[in-house]
Structures are given as structure tokens and as C-alpha cells.
$ cat input-v8.txt   # compact mmCIF, C-alpha atoms and all ligand atoms
# COMPACT_ATOMS: atom_id res chain seq x y z
CA MET E 16 105.43 81.32 57.69
CA ASP E 17 108.09 83.88 56.69
CA GLU E 18 105.38 85.94 55.02
CA LEU E 19 103.35 85.85 58.21
CA LYS E 20 106.34 87.02 60.29
CA LYS E 21 106.90 89.92 57.87
CA TYR E 22 103.22 90.88 58.11
CA ILE E 23 103.33 90.81 61.91
CA LYS E 24 106.48 92.99 61.88
CA VAL E 25 104.61 95.56 59.80
CA LEU E 26 101.70 95.46 62.27
CA GLN E 27 104.07 96.01 65.16
CA GLU E 28 105.69 98.92 63.36
CA ILE E 29 102.33 100.63 62.93
CA GLY E 30 101.45 100.25 66.59
CA PHE E 31 99.91 96.82 67.23
CA ASP E 32 101.45 95.32 70.33
CA GLU E 33 103.47 92.12 70.45
CA ILE E 34 100.85 90.20 72.39
CA PHE E 35 98.29 90.85 69.67
CA ALA E 36 100.81 89.89 67.00
CA GLY E 37 101.79 86.75 68.89
CA ASP E 38 98.13 85.74 69.33
CA MET E 39 97.54 86.29 65.66
CA MET E 40 100.45 84.09 64.69
CA GLU E 41 99.27 81.38 67.06
CA ASN E 42 95.77 81.54 65.55
CA GLN E 43 97.20 81.24 62.06
CA GLU E 44 99.28 78.25 63.10
CA ASP E 45 96.23 76.61 64.71
CA THR E 46 94.19 77.14 61.53
CA LEU E 47 96.96 75.66 59.41
CA LYS E 48 97.25 72.63 61.70
CA GLU E 49 93.48 72.16 61.61
CA LYS E 50 93.43 72.31 57.82
CA LEU E 51 96.25 69.77 57.52
CA LYS E 52 94.47 67.50 60.01
CA ILE E 53 91.22 67.56 58.01
CA LEU E 54 93.08 66.84 54.75
CA GLU E 55 94.96 63.96 56.38
CA GLN E 56 91.63 62.54 57.54
CA LEU E 57 90.27 62.95 54.02
CA LYS E 58 93.26 61.04 52.62
CA LYS E 59 92.44 58.11 54.92
CA GLU E 60 88.79 58.19 53.80
CA LEU E 61 89.92 58.06 50.18
CA GLU E 62 92.10 55.04 50.87
CA ASN E 63 89.04 53.11 52.07
CA CYS E 64 86.58 54.56 49.55
CA THR E 65 84.51 52.20 47.42
CA ARG E 66 81.75 54.69 46.55
CA CYS E 67 82.24 54.08 42.85
CA ASP E 68 83.80 51.33 40.75
CA LEU E 69 86.98 53.30 40.09
CA TYR E 70 88.44 51.92 43.32
CA LYS E 71 88.78 48.58 41.51
CA SER E 72 91.30 49.89 38.97
CA ARG E 73 93.36 52.24 41.15
CA THR E 74 96.82 51.57 42.55
CA GLN E 75 96.08 54.25 45.12
CA PRO E 76 93.75 57.24 45.38
CA VAL E 77 95.27 60.61 44.55
CA PRO E 78 94.28 63.46 46.87
CA GLY E 79 94.97 67.12 46.13
CA ASP E 80 98.33 68.69 46.77
CA GLY E 81 99.77 72.16 47.36
CA ASN E 82 99.13 75.31 49.35
CA VAL E 83 96.21 74.74 51.73
CA ASN E 84 95.69 78.53 51.90
CA ALA E 85 95.77 79.02 48.12
CA ARG E 86 93.66 81.71 46.50
CA LEU E 87 93.52 79.61 43.35
CA MET E 88 92.72 75.91 43.00
CA PHE E 89 93.27 73.95 39.78
CA VAL E 90 90.88 71.04 39.29
CA GLY E 91 91.39 68.38 36.63
CA GLU E 92 89.36 65.36 35.64
CA ALA E 93 91.07 62.35 37.28
CA PRO E 94 94.55 60.90 37.84
CA GLY E 95 96.42 59.30 34.94
CA ALA E 96 98.99 56.50 35.00
CA ASP E 97 101.85 58.57 36.53
CA GLU E 98 99.59 60.05 39.19
CA ASP E 99 98.15 56.64 40.02
CA ARG E 100 101.68 55.31 40.49
CA GLN E 101 103.05 58.26 42.49
CA GLY E 102 99.91 59.23 44.44
CA LYS E 103 100.21 62.92 43.47
CA PRO E 104 98.10 64.96 41.03
CA PHE E 105 99.49 66.36 37.77
CA VAL E 106 102.96 64.80 37.90
CA GLY E 107 102.99 63.37 34.35
CA ARG E 108 103.54 65.23 31.06
CA ALA E 109 100.33 67.22 31.43
CA GLY E 110 101.42 68.26 34.92
CA GLN E 111 104.81 69.34 33.62
CA LEU E 112 103.11 71.53 31.02
CA LEU E 113 100.91 73.04 33.72
CA ASN E 114 103.99 73.75 35.88
CA ARG E 115 105.77 75.36 32.95
CA LEU E 116 102.84 77.68 32.18
CA ILE E 117 102.41 78.63 35.85
CA GLU E 118 106.11 79.50 35.97
CA ALA E 119 105.88 81.46 32.71
CA ALA E 120 103.16 83.52 34.40
CA GLY E 121 105.62 84.32 37.21
CA TYR E 122 104.39 81.91 39.88
CA LYS E 123 105.23 78.50 41.29
CA ARG E 124 103.00 75.46 41.39
CA GLU E 125 103.46 75.26 45.18
CA GLU E 126 101.60 78.57 45.56
CA PHE E 127 98.38 76.92 44.41
CA TYR E 128 96.33 73.86 45.31
CA ILE E 129 95.97 71.22 42.59
CA THR E 130 93.48 68.38 42.60
CA ASN E 131 91.04 66.36 40.49
CA VAL E 132 87.30 65.74 40.58
CA ASN E 133 87.82 61.98 40.76
CA LYS E 134 90.57 60.75 43.03
CA CYS E 135 91.01 57.32 41.39
CA ARG E 136 92.32 56.58 37.92
CA PRO E 137 89.67 55.38 35.45
CA PRO E 138 90.65 52.32 33.37
CA ASN E 139 92.59 53.36 30.23
CA ASN E 140 92.18 57.00 31.29
CA ARG E 141 88.57 57.10 30.10
CA THR E 142 86.46 60.09 31.16
CA PRO E 143 84.69 59.43 34.47
CA THR E 144 80.93 58.99 34.17
CA ILE E 145 78.51 61.51 35.68
CA GLU E 146 77.70 58.97 38.44
CA GLU E 147 81.39 58.53 39.24
CA GLN E 148 81.82 62.29 39.39
CA LYS E 149 78.83 62.65 41.71
CA ALA E 150 80.17 59.89 43.97
CA CYS E 151 83.52 61.65 44.38
CA PHE E 152 82.35 65.27 44.43
CA PRO E 153 81.87 65.45 48.23
CA PHE E 154 85.63 64.87 48.63
CA LEU E 155 86.34 67.78 46.31
CA GLU E 156 83.81 69.91 48.19
CA LYS E 157 85.69 69.14 51.40
CA GLU E 158 88.98 70.26 49.82
CA ILE E 159 87.31 73.47 48.61
CA GLU E 160 85.85 74.10 52.07
CA VAL E 161 89.27 73.64 53.71
CA VAL E 162 91.40 75.58 51.21
CA ASN E 163 88.67 78.16 50.52
CA PRO E 164 90.12 79.51 47.25
CA LYS E 165 88.70 82.60 45.61
CA VAL E 166 89.06 81.14 42.14
CA ILE E 167 88.75 77.59 40.80
CA CYS E 168 90.31 76.88 37.42
CA CYS E 169 88.61 73.86 35.79
CA LEU E 170 91.03 72.04 33.51
CA GLY E 171 88.94 70.42 30.80
CA ALA E 172 85.28 69.89 30.02
CA ALA E 173 84.82 66.94 32.39
CA ALA E 174 85.93 68.97 35.42
CA ALA E 175 83.72 71.87 34.33
CA ARG E 176 80.75 69.51 33.90
CA ALA E 177 81.17 68.24 37.47
CA PHE E 178 80.78 71.79 38.82
CA LEU E 179 78.07 73.06 36.50
CA GLY E 180 76.01 69.86 36.26
CA ARG E 181 75.66 70.14 32.48
CA PRO E 182 77.75 69.46 29.38
CA VAL E 183 80.33 72.19 28.77
CA SER E 184 82.09 73.30 25.59
CA ILE E 185 85.42 74.72 26.72
CA THR E 186 85.94 76.39 23.34
CA LYS E 187 82.68 78.35 23.78
CA GLU E 188 82.81 79.03 27.52
CA ARG E 189 86.47 79.59 28.31
CA GLY E 190 87.83 83.04 29.08
CA GLN E 191 84.82 84.15 31.15
CA LYS E 192 84.13 84.57 34.85
CA ILE E 193 81.48 82.04 35.88
CA TYR E 194 80.08 82.10 39.40
CA TRP E 195 79.67 78.86 41.36
CA ARG E 196 78.51 79.28 44.96
CA ASP E 197 80.83 82.00 46.35
CA LYS E 198 83.67 81.09 43.97
CA ILE E 199 84.72 82.26 40.54
CA LEU E 200 85.20 79.47 38.00
CA VAL E 201 87.56 79.90 35.07
CA LEU E 202 87.18 77.16 32.48
CA THR E 203 90.02 76.16 30.23
CA TYR E 204 91.53 73.26 28.32
CA HIS E 205 93.06 70.29 30.07
CA PRO E 206 96.86 70.35 29.60
CA ALA E 207 96.63 66.79 28.20
CA TYR E 208 94.42 68.18 25.39
CA VAL E 209 97.03 70.86 24.72
CA LEU E 210 99.74 68.21 24.46
CA ARG E 211 97.70 66.68 21.63
CA ASN E 212 96.80 70.11 20.17
CA PRO E 213 99.82 72.38 20.70
CA LYS E 214 98.08 75.32 19.00
CA ALA E 215 95.86 75.59 22.08
CA GLU E 216 98.82 76.30 24.38
CA ASP E 217 98.56 80.10 24.04
CA THR E 218 94.92 79.94 25.02
CA LEU E 219 95.61 77.74 28.04
CA PHE E 220 98.34 80.17 29.10
CA LYS E 221 96.01 83.15 28.70
CA ASP E 222 93.33 81.45 30.83
CA ILE E 223 95.83 80.47 33.55
CA LYS E 224 97.02 84.09 33.71
CA MET E 225 93.39 85.26 33.93
CA ALA E 226 92.69 82.82 36.79
CA ILE E 227 95.80 84.02 38.67
CA GLU E 228 94.93 87.70 38.15
CA LEU E 229 91.37 87.16 39.42
CA ALA E 230 92.68 85.22 42.41
CA TYR E 231 94.97 88.06 43.47
CA SER E 232 92.71 90.98 42.54
CA GLU E 233 91.07 92.87 45.40
CA ASP E 234 87.47 92.80 44.10
S1 LIG E 301 86.90 57.88 42.46
FE1 LIG E 301 86.30 58.87 44.37
S2 LIG E 301 84.29 58.01 44.84
FE2 LIG E 301 85.26 56.65 43.34
S3 LIG E 301 86.28 55.09 44.60
FE3 LIG E 301 87.80 56.69 44.17
S4 LIG E 301 87.70 58.06 45.92
FE4 LIG E 301 85.85 56.81 45.96
$ encode --input "input-v8.txt" --output "C-alpha cells"
Amino acid sequence: MDELKKYIKVLQEIGFDEIFAGDMMENQEDTLKEKLKILEQLKKELENCTRCDLYKSRTQPVPGDGNVNARLMFVGEAPGADEDRQGKPFVGRAGQLLNRLIEAAGYKREEFYITNVNKCRPPNNRTPTIEEQKACFPFLEKEIEVVNPKVICCLGAAAARAFLGRPVSITKERGQKIYWRDKILVLTYHPAYVLRNPKAEDTLFKDIKMAIELAYSED
């Protein structure tokens, strides 16, 4: 909200009147409230969801988290054990690595929106099936509609497969701009893969920086 106040001050300084600025701030606040309301509703839907069998093994569903006005959304595969316990995405070791790389790029996790394709933890962290991804995808679509990011960074091949509807090799397809609807997809490794293969950390960092640059670029 501080950013918004600063922006309005600039508008006033260049001649826009206070009423206009006040209206604008009110509109922004209404939009924010509306977004939070829709996401709260979505959270309730997830709590009752039995669309796929993953509801049987979850402690709780894990909705997305972060800036609801983010220009960049990170999307992983599904919650793991820590996320299932805490009800928040990317809070385990993989999440800590993601946070560290975002900070190394000069940003904070809170500036972005972070979620998963599947909102419930698969047993033994197995990869969700295509059917399970399809069952949960409408929830992700709702998050995308609400947040409306410019760029979506898919963390891992399973997340990328859910968007593109085909098998994806991250090694072959990472580092490019891929268009999906009106969004730009950037595909990269899942941080959990990088924990097992530390040599891939530089590449993950490069891709995260690329996603951030695209999100904030004017074109
Ligand atoms: S993974 Fe998604 S579709 Fe499956 S039960 Fe959980 S919320 Fe529902």
C-alpha cells in the first residue's frame, strides 16, 4: 500500500486532483479485497475437495501463497511432507533453496506468488498422475486468473507437463520463452532436483533471474 501512496503522490504532483487519486486508491483497495475474497473461497473449496484420490493421503490441502498482484508466479508439482504439515507451499528444504535464490537475485519471496499444480500431497511424494493434474488444474487456473501474472515459472517437468499437456524435458526446453495463453512460461528445474544435483543450482538461478527480468520488462 505504501507503493500505491507514493504513486498517487506522484500523480498529484503532476496535476491529477486528489479526488481522482482518492478514487484510484479506493478502486485498488476494492480489487485487492475482491482478490483475497476469491482466494479465501478457493481455500474452502480445496478443504472439501475429493476430485482425485490425493485427498485421502493429505493432512490438509495447500493453496498458493504470496503477493496476489505478483507479476511472476512460481508453480511446483505438489506439496511435500513439510508443506502438508504446515499448509503452505515451498516451506521445506526445496522452498528454502528457492527463497535463497530469489534473494540472491535481489528480490524477496513475498514479492511473488508461489503455488503448486496439485494442492494435496501425493503418497511418498510420488509424481501426480496426468488425471490427478487435470482434476486439480481448474484450481490453479483460478489462482492464475486472480493474480494475473505476466510470467509463470514452472518448477520441474511435472508442472511444465500440466501446462503444456505433453511430456517435457527440462534440460532441453529450459531457458526459453514459451507462450501459454496470454502468459509467458519459463521452465526450469524443481529445487528438490537441485538439492539432489547441486551442479544444477547455477542453471536454476539463471532461469529464476530470467523469469524475474521478463516479469518486470516493459514488452
Ligand atoms: S489434489 Fe486437487 S483435485 Fe485432488 S483432492 Fe486435492 S485439491 Fe482436490
$ residues_around --input "input-v8.txt" --residues "Gly121 (chain E)" --least-positions-apart "4" --cutoff "12 Å" --atoms "all atoms listed in the file" --output "list in words"
Asn114, Arg115, Leu116, Ile117, Glu126, Phe220, Ile223, Lys224, Ile227 and Glu228 of chain E
$ write_last_selection --input "input-v8.txt" --atoms "C-alpha atoms" --output "mmCIF file, keeping the file's coordinate frame"
data_model
loop_
_atom_site.group_PDB
_atom_site.id
_atom_site.type_symbol
_atom_site.label_atom_id
_atom_site.label_comp_id
_atom_site.auth_asym_id
_atom_site.auth_seq_id
_atom_site.Cartn_x
_atom_site.Cartn_y
_atom_site.Cartn_z
ATOM 1 C CA ASN E 114 103.990 73.750 35.880
ATOM 2 C CA ARG E 115 105.770 75.360 32.950
ATOM 3 C CA LEU E 116 102.840 77.680 32.180
ATOM 4 C CA ILE E 117 102.410 78.630 35.850
ATOM 5 C CA GLU E 126 101.600 78.570 45.560
ATOM 6 C CA PHE E 220 98.340 80.170 29.100
ATOM 7 C CA ILE E 223 95.830 80.470 33.550
ATOM 8 C CA LYS E 224 97.020 84.090 33.710
ATOM 9 C CA ILE E 227 95.800 84.020 38.670
ATOM 10 C CA GLU E 228 94.930 87.700 38.150
#
$ closest_residue --input "input-v8.txt" --among "E:Ile145, E:Gly171, E:Glu41, E:Arg176" --to "Ala109 (chain E)" --atoms "all atoms listed in the file"
E:Gly171
$ residues_around --input "input-v8.txt" --residues "Arg189 (chain E)" --least-positions-apart "4" --cutoff "6 Å" --atoms "all atoms listed in the file" --output "count of residues only"
3
$ atom_distance --input "input-v8.txt" --atom1 "CA of Arg211 (chain E)" --atom2 "CA of Arg100 (chain E)"
22.4 Å
$ closest_atom_pairs --input "input-v8.txt" --of "chain E" --to "ligand LIG 301 (chain E)" --cutoff "9 Å" --atoms "only C-alpha atoms and all ligand atoms" --output "tab-separated table"
residue	atom	partner	partner_atom	distance
E:Glu60	CA	E:LIG301	S4	8.0
E:Leu61	CA	E:LIG301	S4	4.8
E:Glu62	CA	E:LIG301	S4	7.3
E:Asn63	CA	E:LIG301	FE4	7.8
E:Cys64	CA	E:LIG301	FE4	4.3
E:Thr65	CA	E:LIG301	S3	4.4
E:Arg66	CA	E:LIG301	S2	4.5
E:Cys67	CA	E:LIG301	FE2	4.0
E:Asp68	CA	E:LIG301	S3	5.9
E:Leu69	CA	E:LIG301	S3	4.9
E:Tyr70	CA	E:LIG301	S3	4.0
E:Lys71	CA	E:LIG301	S3	7.6
E:Arg73	CA	E:LIG301	FE3	7.7
E:Gln75	CA	E:LIG301	FE3	8.7
E:Pro76	CA	E:LIG301	FE3	6.1
E:Val77	CA	E:LIG301	S4	8.1
E:Pro78	CA	E:LIG301	S4	8.6
E:Ala93	CA	E:LIG301	S1	8.0
E:Val132	CA	E:LIG301	FE1	7.9
E:Asn133	CA	E:LIG301	S1	4.5
E:Lys134	CA	E:LIG301	S1	4.7
E:Cys135	CA	E:LIG301	S1	4.3
E:Arg136	CA	E:LIG301	S1	7.2
E:Pro137	CA	E:LIG301	S1	7.9
E:Pro143	CA	E:LIG301	S1	8.4
E:Glu147	CA	E:LIG301	FE2	5.9
E:Gln148	CA	E:LIG301	S2	7.4
E:Lys149	CA	E:LIG301	S2	7.8
E:Ala150	CA	E:LIG301	S2	4.6
E:Cys151	CA	E:LIG301	S2	3.7
E:Phe152	CA	E:LIG301	FE1	7.5
E:Pro153	CA	E:LIG301	S2	8.5
E:Phe154	CA	E:LIG301	FE1	7.4
$ write_last_selection --input "input-v8.txt" --atoms "C-alpha atoms" --output "mmCIF file, in the frame of the given file"
data_model
loop_
_atom_site.group_PDB
_atom_site.id
_atom_site.type_symbol
_atom_site.label_atom_id
_atom_site.label_comp_id
_atom_site.auth_asym_id
_atom_site.auth_seq_id
_atom_site.Cartn_x
_atom_site.Cartn_y
_atom_site.Cartn_z
ATOM 1 C CA GLU E 60 88.790 58.190 53.800
ATOM 2 C CA LEU E 61 89.920 58.060 50.180
ATOM 3 C CA GLU E 62 92.100 55.040 50.870
ATOM 4 C CA ASN E 63 89.040 53.110 52.070
ATOM 5 C CA CYS E 64 86.580 54.560 49.550
ATOM 6 C CA THR E 65 84.510 52.200 47.420
ATOM 7 C CA ARG E 66 81.750 54.690 46.550
ATOM 8 C CA CYS E 67 82.240 54.080 42.850
ATOM 9 C CA ASP E 68 83.800 51.330 40.750
ATOM 10 C CA LEU E 69 86.980 53.300 40.090
ATOM 11 C CA TYR E 70 88.440 51.920 43.320
ATOM 12 C CA LYS E 71 88.780 48.580 41.510
ATOM 13 C CA ARG E 73 93.360 52.240 41.150
ATOM 14 C CA GLN E 75 96.080 54.250 45.120
ATOM 15 C CA PRO E 76 93.750 57.240 45.380
ATOM 16 C CA VAL E 77 95.270 60.610 44.550
ATOM 17 C CA PRO E 78 94.280 63.460 46.870
ATOM 18 C CA ALA E 93 91.070 62.350 37.280
ATOM 19 C CA VAL E 132 87.300 65.740 40.580
ATOM 20 C CA ASN E 133 87.820 61.980 40.760
ATOM 21 C CA LYS E 134 90.570 60.750 43.030
ATOM 22 C CA CYS E 135 91.010 57.320 41.390
ATOM 23 C CA ARG E 136 92.320 56.580 37.920
ATOM 24 C CA PRO E 137 89.670 55.380 35.450
ATOM 25 C CA PRO E 143 84.690 59.430 34.470
ATOM 26 C CA GLU E 147 81.390 58.530 39.240
ATOM 27 C CA GLN E 148 81.820 62.290 39.390
ATOM 28 C CA LYS E 149 78.830 62.650 41.710
ATOM 29 C CA ALA E 150 80.170 59.890 43.970
ATOM 30 C CA CYS E 151 83.520 61.650 44.380
ATOM 31 C CA PHE E 152 82.350 65.270 44.430
ATOM 32 C CA PRO E 153 81.870 65.450 48.230
ATOM 33 C CA PHE E 154 85.630 64.870 48.630
#
$ residues_near_point --input "input-v8.txt" --point "(94.6, 69.5, 25.5)" --cutoff "12 Å" --atoms "all atoms listed in the file" --output "JSON, numbers by chain"
{"E": [91, 108, 109, 110, 112, 113, 170, 171, 172, 185, 186, 203, 204, 205, 206, 207, 208, 209, 210, 211, 212, 213, 214, 215, 216, 217, 218, 219, 220]}
